Structure formats: structure tokens, C-alpha cells
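Participant: One structure is given below, represented as C-alpha cells, and several questions about it will come after.
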There are 2 protein chains.
Amino acid sequence: MAQPTNTLRIPLTRARVLQAAVALADQTGLDAFSMRGLAQELGVVPMALYKHVANKEELLDGMVDIVFGEMESPGAGEDWRAALRRRAISARDALKRHRWAVGRMESRHPGPANLRHHNATMGCLREAGFSFETAVHAYSIQDAYIYGFALQDQDLAFENPQSAGETAQRRAERLTAERASALDDYPYLAEIATRLPETGYDNVLEFAWGIDLILDGLDQLRRDA
Amino acid sequence: MAQPTNTLRIPLTRARVLQAAVALADQTGLDAFSMRGLAQELGVVPMALYKHVANKEELLDGMVDIVFGEMESPGAGEDWRAALRRRAISARDALKRHRWAVGRMESRHPGPANLRHHNATMGCLREAGFSFETAVHAYSIQDAYIYGFALQDQDLAFENPQSAGETAQRRAERLTAERASALDDYPYLAEIATRLPETGYDNVLEFAWGIDLILDGLDQLRRDA
DNA sequence: CACATAGGTGTACGCCGTACACTTCTCAAG
DNA sequence: CTTGAGAAGTGTACGGCGTACACCTATGTG
């Protein structure tokens, strides 16, 4: 009895736990993600996980570092602007895949991938000729934009053009339902509701537009110095 | 018995619940914030809250709208750039006061203050002469920056210059403790750890630097059009 | 073959959000 | 002043959560 001998039990590993945790959180979202659910997914009793991670917080730290690992870091000798652009876009892609990670990226306990990535990015800026102070500023603005953008499309989450307009319209409708003529009170929101579907909206292009504006600004600064 | 007659029981109100909730969340952070804790703070049994809010999610939506209410909206006729700058800075201030709100600002259920604020901001851009498409982009980049920045100083949270360096140094030390010579592997992080305390670091200036770069970029675009 | 140790288990505790049935308070109509 | 309906507040209970702690079991070394 006990074990059917042919079920070869792959032993749990910290790596295996982290991988499964990322996959599960991707599916269920962070709110529904629980230690118990993860244990079940791994065919194991909840407490078994604690032999491989200290607690849920530390587990999440490890998961976040996996996300950092999926981002492209700037390589040495590459054109700084192209490198930073690629980094930004791959960072957004990773955050899009792992929506739960946004908001935990700046945790108090950075993992190795995190440190590697930060070091490479800062290095790219410094070697491009930015002064230390400016490089810090440049880093700050880029990451703020990346994380903030990810925060935005996490909740809005219209991937295709028309759903953006639908969202705007649904909001307008709810509003109108609550008290009459509300739409007239917010003419510029009304404009968004009506025109956004027409013009089309693409989050990928939106993100690129923003990062390019920022990189333009940084380039200007670098040339002036 | 029962009630000491002189304790005049101010009846619960949705507004009072929301206010107390914001104050409590400010103190304890979002993780420790619970319906039960809030009820206790109000001297009431947990279930009493549900006569005034549908559930915790809806409560949080209401709290977020209070935060939106604390942000300055651009007024009509004001210089667009000054107006947007003031808005951005007051938005960051509000998010600094209410760190739990970051990450919920783009909720699916915007409240009245939210709508008013968005409408006014979009209006400011349109009246400044930005095309509809550009105004949408301009809005997106500003909010992404604001929210992303708030996300960053939420966790890092060094308010005074030297604590920034301390944080960097502590990280470096933990790293070195784990495996020898790790600091040498990350020279650019090492530079941050050593030079940031010297140069001084101020999150308020940092934020202003970024928003100004973005507004410069937008101004350029507007002039070209 | 013995046995230390790492990996997995079972039970239990104190939190959480909230459904549901109840009492109590308030105030307008008779 | 009485009454009775609706609103406000209460009490109990349930299922789920993270995880402490004591226990069992499989594994690889001497």
C-alpha cells in the first residue's frame, strides 16, 4: 500500500517550488494565490513547502527574482539607447506575463537576478557617459515609468484596441446610470469614451511612445554635457 | 447598564467608515489592515461595517477615491505646464501619505473624485493644444511615472539623504556575507553604495527632475505641432 | 547494518472576510 | 402618546488562510 511504486516522486526543490509558484500566480492572480493552493498543485501537504522556503514573503521574493531573470539586461559595448530600449520593453513584457510581480519589484530583499540586472543597467548608463548623478536620475525615471505603466495595464488590461474604448464606455454608462447627465459633467472623459475606439489603442505602442520620449530627453541631456 | 447614557454614540456613516479606514491603513499598512481592526477602531462589531460598505473591496475603492480627492486638479485657464506640474507633485504627496493606495489607483471602479480628476487633467492637455492622440499619450506617460515613482519610494522609503546610502550599503553587506567578493561582481551597485551618501539624495528633487524631463518632452512635441 | 539528518506529514491555533438571523434604536403616521 | 416599520448594530458560525510544532519516513554515510 502506501505508495504505488511506479509513481516516481520527484523530490521537491526550492527551484521547483518557485517555478510552480510563478506559474500558479500567473494563472490565479496574487489574491487567490495561497501556500495551500501551491502545495496542492505540487501534490504535497502545505507544510512541506516550508522545508524549502522560509515563509510566504520569502517565497514571493524568490518569485520576483525569477521575473527579474526574464528581463534582458544591457550587454557591454552595445549602443546605450538601443540597449535601454530593449531592456525596457522586455521588462514590460515580463511584467505583463507576471502581473502579480508589479508592486513587489522593489522589495527589501533583492535576489541575485535583480542585482545583476540593476548593475548591468546602471553600468550601461555610466559607460554611455552619463555622470553619476544623472545616471541615477535616468535610472529612476525609467524604472518608475516601466513599473507605473505595468501597474496601469494590469488593471485596465485592454490588449486589443476596441476593448479600451469598451472599458471607457462601460464606465461612462455606469456613471450615467447613477445620476443623470453625468457624462456631460465630464466632457473630456466622454471624448475618450467616444474617440478611443475610433483611433485604436495599442498598449505596446503606447509603452514605446513613452520610453522613447524619456530616452529622447536623456539623449538631449547627454549631448549637452 | 448597557450604555452609559452620557457616551453619545455618533452613528456610523459611510463617510466616517472611509475616513477611519484611510487613517488606519496609513498607520498599519495594507497587509495589516483588516475589517475587524477597522471595526475595533470605530468601537463597533465587525459586521456593523457591512451596513455601510458592501465588502472590503468596495471599501478600498472608496478609500482610493478619498486619495484622489486630495490631489490638486488642474484648473481652467491656468498655464498647462505649471498646472500639470502642480498636479503631479500633489499626486505624489498624496501617494506618499497613503502608501497603500499605490497599485489600487487604477481600479476597475473609479469614484467621483477619480473621474473629476481625470477629466480635469485630460481637459488641461486638450486645451493646451495637444491633439487627442497626443493628449492620451501625454496622460499615460505622466500617470505611469507618478504611480511608478510612488511604487519605488514606497518600499525603499528613504526620506533623508543618508538613509539612501545606508540602504544601498546594507544590501551590499548582505550580499558580501552570502558569498565572498560579491560586491566586486557588481561594481556599479558598489558605486551607488559608496557615492549616493556623499552626493545626497532627495526623493522630492528626484521626482521633480523626472516630471520636468517629461514635461520638457511634451512641450517640445507641442511646439512642433 | 545502524543511524543521523533532511524531507514530508498531521494536527492545531489564531487570524481573516463575511453570510445569516437576531435585537435594538429612530422616527413618521395614526 | 402609541405604534410599528425600516435602519443600524450584534452574535454566532463557517470556511480559508499562514504557519508553529511534534512526528514519521526515506536516504545516504560510516
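By order of appearance in the C-alpha cells: chains A, B, ..., then residues from 1 within every chain, and ligands from 1 in the order shown.
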Would you mind listing, for every residue of chain B within 9 Å of chain C, the two atoms forming the shortest contact and the distance between them in Å to one decimal, using only C-alpha atoms (C1' of nucleotides), sorted by chain and ascending residue number, as a tab-separated table?

Facilitator:
```
residue	atom	partner	partner_atom	distance
B:Ser34	CA	C:DC16	C1'	7.7
B:Met35	CA	C:DG17	C1'	7.6
B:Arg36	CA	C:DC16	C1'	8.4
B:Met47	CA	C:DT18	C1'	7.8
B:Tyr50	CA	C:DT18	C1'	8.7
B:Asn55	CA	C:DT18	C1'	8.0
B:Lys56	CA	C:DG17	C1'	7.8
```

Participant: Take the residues just selected and output them with C-alpha atoms as a compact mmCIF listing (two decimals), in the first residue's frame.

Facilitator:
```
# COMPACT_ATOMS: atom_id res chain seq x y z
CA SER B 34 -8.48 44.31 8.30
CA MET B 35 -12.21 44.79 8.59
CA ARG B 36 -12.00 43.54 12.14
CA MET B 47 -20.38 43.17 10.87
CA TYR B 50 -21.28 45.95 6.25
CA ASN B 55 -17.39 44.43 1.29
CA LYS B 56 -13.68 45.03 1.72
```

Participant: Could the residues of chain B within 7 Å of chain A, counting only C-alpha atoms, be given as a list in words, please?

Facilitator: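 The complete set of qualifying residues is Gly103, Glu106, Ser107, Arg108, Asn119, Met122, Gly123, His137, Ile141, Ala144, Tyr145, Tyr147, Gly148, Phe149, Leu151, Gln152, Asp155, Tyr186, Tyr188, Leu189, Glu206, Gly210, Leu213, Ile214 and Gly217 of chain B.
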
Participant: Can you work out which residues from chain D touch chain A at a cut-off of 8 Å (counting only C-alpha atoms (C1' of nucleotides)) and hand them back as a list in words?

Facilitator: DC17, DG18 and DT19 of chain D

Participant: Atoms to include: N, CA and C atoms (P, O5', C5', C4', C3', O3' and C1' of nucleotides). Write the selected residues as a PDB file, in the first residue's frame.

Facilitator:
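Listed below is the output, part_17.pdb:
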```pdb
ATOM      1  P    DC D  17      -7.180  28.697   1.025  1.00  0.00           P
ATOM      2  O5'  DC D  17      -6.265  29.573   1.969  1.00  0.00           O
ATOM      3  C5'  DC D  17      -6.262  30.985   1.823  1.00  0.00           C
ATOM      4  C4'  DC D  17      -5.622  31.621   3.034  1.00  0.00           C
ATOM      5  C3'  DC D  17      -4.244  31.066   3.369  1.00  0.00           C
ATOM      6  O3'  DC D  17      -3.288  31.782   2.618  1.00  0.00           O
ATOM      7  C1'  DC D  17      -5.582  31.425   5.341  1.00  0.00           C
ATOM      8  P    DG D  18      -1.850  31.177   2.472  1.00  0.00           P
ATOM      9  O5'  DG D  18      -1.228  31.537   3.894  1.00  0.00           O
ATOM     10  C5'  DG D  18      -0.838  32.866   4.159  1.00  0.00           C
ATOM     11  C4'  DG D  18      -0.136  32.926   5.498  1.00  0.00           C
ATOM     12  C3'  DG D  18       1.194  32.171   5.563  1.00  0.00           C
ATOM     13  O3'  DG D  18       2.099  32.918   6.350  1.00  0.00           O
ATOM     14  C1'  DG D  18      -0.297  31.252   7.136  1.00  0.00           C
ATOM     15  P    DT D  19       3.623  32.445   6.443  1.00  0.00           P
ATOM     16  O5'  DT D  19       3.596  31.393   7.666  1.00  0.00           O
ATOM     17  C5'  DT D  19       3.415  31.874   8.974  1.00  0.00           C
ATOM     18  C4'  DT D  19       3.283  30.710   9.927  1.00  0.00           C
ATOM     19  C3'  DT D  19       4.446  29.687   9.883  1.00  0.00           C
ATOM     20  O3'  DT D  19       4.815  29.381  11.203  1.00  0.00           O
ATOM     21  C1'  DT D  19       2.418  28.607   9.871  1.00  0.00           C
TER      22       DT D  19
END
```

Participant: Separation of atom CA of A:Gly43 and atom C1' of D:DG16, in Å?

Facilitator: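 So the two atoms, atom CA of A:Gly43 and atom C1' of D:DG16, lie 18.8 Å apart.
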
Participant: At what distance in Å, to one decimal, does atom CA of A:Asn203 lie from atom CA of A:Ser90?

Facilitator: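 If I compute the distance from atom CA of A:Ser90 to atom CA of A:Asn203, I get 13.9 Å.
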
Participant: Give the helix (DSSP H, G or I) residues of chain B, as DSSP finds them on the backbone, and put them as a PyMOL selection string.

Facilitator: chain B and resi 14-28+35-41+46-51+56-69+80-97+99-101+112-127+132-155+161-178+182-185+187-199+203-224

Participant: Kindly save the residues from that selection, with C-alpha atoms included, as a short mmCIF file (atom, residue, chain, number, x, y, z; two decimals), in the first residue's frame.

Facilitator:
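Okay, this is what ended up in selection-v6.cif:
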```cif
data_model
loop_
_atom_site.label_atom_id
_atom_site.label_comp_id
_atom_site.auth_asym_id
_atom_site.auth_seq_id
_atom_site.Cartn_x
_atom_site.Cartn_y
_atom_site.Cartn_z
CA ARG B 14 -20.13 55.59 5.18
CA ALA B 15 -18.01 58.73 5.26
CA ARG B 16 -16.88 58.07 8.82
CA VAL B 17 -16.02 54.48 7.96
CA LEU B 18 -13.99 55.55 4.95
CA GLN B 19 -12.13 58.25 6.87
CA ALA B 20 -11.26 55.88 9.69
CA ALA B 21 -10.23 53.24 7.17
CA VAL B 22 -7.83 55.62 5.45
CA ALA B 23 -6.32 56.67 8.76
CA LEU B 24 -5.93 53.09 9.91
CA ALA B 25 -4.41 51.92 6.64
CA ASP B 26 -1.97 54.83 6.81
CA GLN B 27 -0.84 53.64 10.22
CA THR B 28 -0.74 49.90 9.77
CA MET B 35 -12.21 44.79 8.59
CA ARG B 36 -12.00 43.54 12.14
CA GLY B 37 -9.30 46.01 13.05
CA LEU B 38 -11.24 48.85 11.50
CA ALA B 39 -14.37 47.86 13.41
CA GLN B 40 -12.43 47.83 16.66
CA GLU B 41 -11.02 51.26 15.88
CA PRO B 46 -17.07 43.88 12.54
CA MET B 47 -20.38 43.17 10.87
CA ALA B 48 -21.61 46.69 11.57
CA LEU B 49 -19.35 47.94 8.80
CA TYR B 50 -21.28 45.95 6.25
CA LYS B 51 -24.28 48.19 6.71
CA LYS B 56 -13.68 45.03 1.72
CA GLU B 57 -13.09 45.54 -2.00
CA GLU B 58 -15.69 48.25 -2.23
CA LEU B 59 -14.34 49.82 0.94
CA LEU B 60 -10.90 50.02 -0.65
CA ASP B 61 -12.39 51.61 -3.75
CA GLY B 62 -13.94 54.27 -1.56
CA MET B 63 -10.66 54.85 0.26
CA VAL B 64 -8.86 55.27 -3.04
CA ASP B 65 -11.33 57.91 -4.09
CA ILE B 66 -10.50 59.87 -0.96
CA VAL B 67 -6.88 59.84 -2.07
CA PHE B 68 -7.91 61.13 -5.49
CA GLY B 69 -9.79 63.86 -3.70
CA TRP B 80 -0.81 73.98 -18.71
CA ARG B 81 2.71 73.17 -17.72
CA ALA B 82 2.55 74.73 -14.29
CA ALA B 83 -0.82 73.12 -13.71
CA LEU B 84 0.39 69.66 -14.64
CA ARG B 85 3.50 70.05 -12.55
CA ARG B 86 1.49 71.01 -9.51
CA ARG B 87 -0.88 68.15 -10.14
CA ALA B 88 1.95 65.65 -10.39
CA ILE B 89 3.62 66.82 -7.21
CA SER B 90 0.41 66.85 -5.23
CA ALA B 91 -0.38 63.40 -6.56
CA ARG B 92 2.93 62.09 -5.35
CA ASP B 93 2.40 63.77 -1.99
CA ALA B 94 -0.96 62.09 -1.62
CA LEU B 95 0.50 58.71 -2.53
CA LYS B 96 3.30 59.28 -0.06
CA ARG B 97 0.77 59.94 2.70
CA ARG B 99 1.26 54.36 0.54
CA TRP B 100 -1.32 51.56 0.48
CA ALA B 101 -3.18 53.34 -2.32
CA PRO B 112 -16.37 60.55 -8.46
CA ALA B 113 -13.14 62.25 -7.34
CA ASN B 114 -11.23 59.96 -9.67
CA LEU B 115 -13.43 60.89 -12.64
CA ARG B 116 -13.28 64.59 -11.83
CA HIS B 117 -9.52 64.47 -11.57
CA HIS B 118 -9.05 62.54 -14.80
CA ASN B 119 -11.45 64.79 -16.64
CA ALA B 120 -9.71 67.95 -15.44
CA THR B 121 -6.27 66.63 -16.33
CA MET B 122 -7.30 65.49 -19.77
CA GLY B 123 -9.02 68.82 -20.25
CA CYS B 124 -5.87 70.69 -19.36
CA LEU B 125 -3.97 68.83 -22.05
CA ARG B 126 -6.59 69.27 -24.73
CA GLU B 127 -6.96 72.98 -24.04
CA PHE B 132 -6.43 63.90 -28.87
CA GLU B 133 -3.91 61.17 -29.60
CA THR B 134 -1.01 63.09 -28.12
CA ALA B 135 -3.03 64.04 -25.07
CA VAL B 136 -3.75 60.38 -24.41
CA HIS B 137 -0.06 59.59 -24.70
CA ALA B 138 0.85 62.53 -22.51
CA TYR B 139 -1.61 61.44 -19.89
CA SER B 140 -0.40 57.89 -19.94
CA ILE B 141 3.25 58.75 -19.50
CA GLN B 142 2.64 61.15 -16.65
CA ASP B 143 0.48 58.78 -14.65
CA ALA B 144 2.80 55.87 -15.28
CA TYR B 145 5.66 57.95 -13.96
CA ILE B 146 3.72 59.17 -10.95
CA TYR B 147 2.49 55.73 -9.95
CA GLY B 148 5.79 54.06 -10.69
CA PHE B 149 7.68 56.59 -8.67
CA ALA B 150 5.30 56.16 -5.77
CA LEU B 151 5.81 52.42 -6.03
CA GLN B 152 9.55 52.93 -5.74
CA ASP B 153 9.69 55.15 -2.71
CA GLN B 154 7.03 53.07 -1.04
CA ASP B 155 9.45 50.24 -0.48
CA PRO B 161 19.72 61.66 2.08
CA GLN B 162 21.91 59.43 4.18
CA SER B 163 19.43 56.62 4.65
CA ALA B 164 19.51 56.03 0.90
CA GLY B 165 23.18 55.26 1.10
CA GLU B 166 22.61 53.17 4.18
CA THR B 167 20.11 51.03 2.36
CA ALA B 168 22.47 50.53 -0.54
CA GLN B 169 25.26 49.66 1.84
CA ARG B 170 23.19 47.23 3.83
CA ARG B 171 22.31 45.41 0.65
CA ALA B 172 25.89 45.26 -0.39
CA GLU B 173 26.81 43.87 3.01
CA ARG B 174 24.20 41.18 3.00
CA LEU B 175 25.44 40.19 -0.38
CA THR B 176 29.03 40.05 0.71
CA ALA B 177 28.05 37.98 3.69
CA GLU B 178 26.43 35.40 1.46
CA ALA B 182 30.08 39.66 -4.39
CA LEU B 183 30.49 43.40 -4.28
CA ASP B 184 33.27 43.17 -6.85
CA ASP B 185 30.84 41.45 -9.20
CA PRO B 187 30.83 47.49 -9.48
CA TYR B 188 28.05 49.86 -10.43
CA LEU B 189 25.98 48.91 -7.44
CA ALA B 190 29.09 49.41 -5.36
CA GLU B 191 29.37 52.89 -6.81
CA ILE B 192 25.82 53.63 -5.71
CA ALA B 193 26.51 52.30 -2.25
CA THR B 194 29.56 54.49 -1.84
CA ARG B 195 28.67 57.65 -3.74
CA LEU B 196 24.99 58.10 -3.05
CA PRO B 197 25.55 59.05 0.58
CA GLU B 198 28.17 61.60 -0.50
CA THR B 199 26.13 63.27 -3.19
CA ASN B 203 13.22 61.91 -3.31
CA VAL B 204 11.40 65.19 -3.75
CA LEU B 205 14.06 66.54 -6.07
CA GLU B 206 14.29 63.18 -7.79
CA PHE B 207 10.61 63.23 -8.57
CA ALA B 208 10.72 66.81 -9.80
CA TRP B 209 13.68 66.01 -12.05
CA GLY B 210 11.69 63.27 -13.74
CA ILE B 211 8.44 65.13 -14.17
CA ASP B 212 10.34 68.08 -15.61
CA LEU B 213 12.07 65.87 -18.16
CA ILE B 214 8.70 64.51 -19.19
CA LEU B 215 7.07 67.93 -19.37
CA ASP B 216 10.03 69.19 -21.43
CA GLY B 217 9.45 66.39 -23.87
CA LEU B 218 5.75 67.15 -24.08
CA ASP B 219 6.43 70.85 -24.55
CA GLN B 220 8.76 70.07 -27.43
CA LEU B 221 6.06 67.96 -29.07
CA ARG B 222 3.50 70.68 -28.63
CA ARG B 223 5.73 73.32 -30.13
CA ASP B 224 6.48 71.12 -33.14
#
```
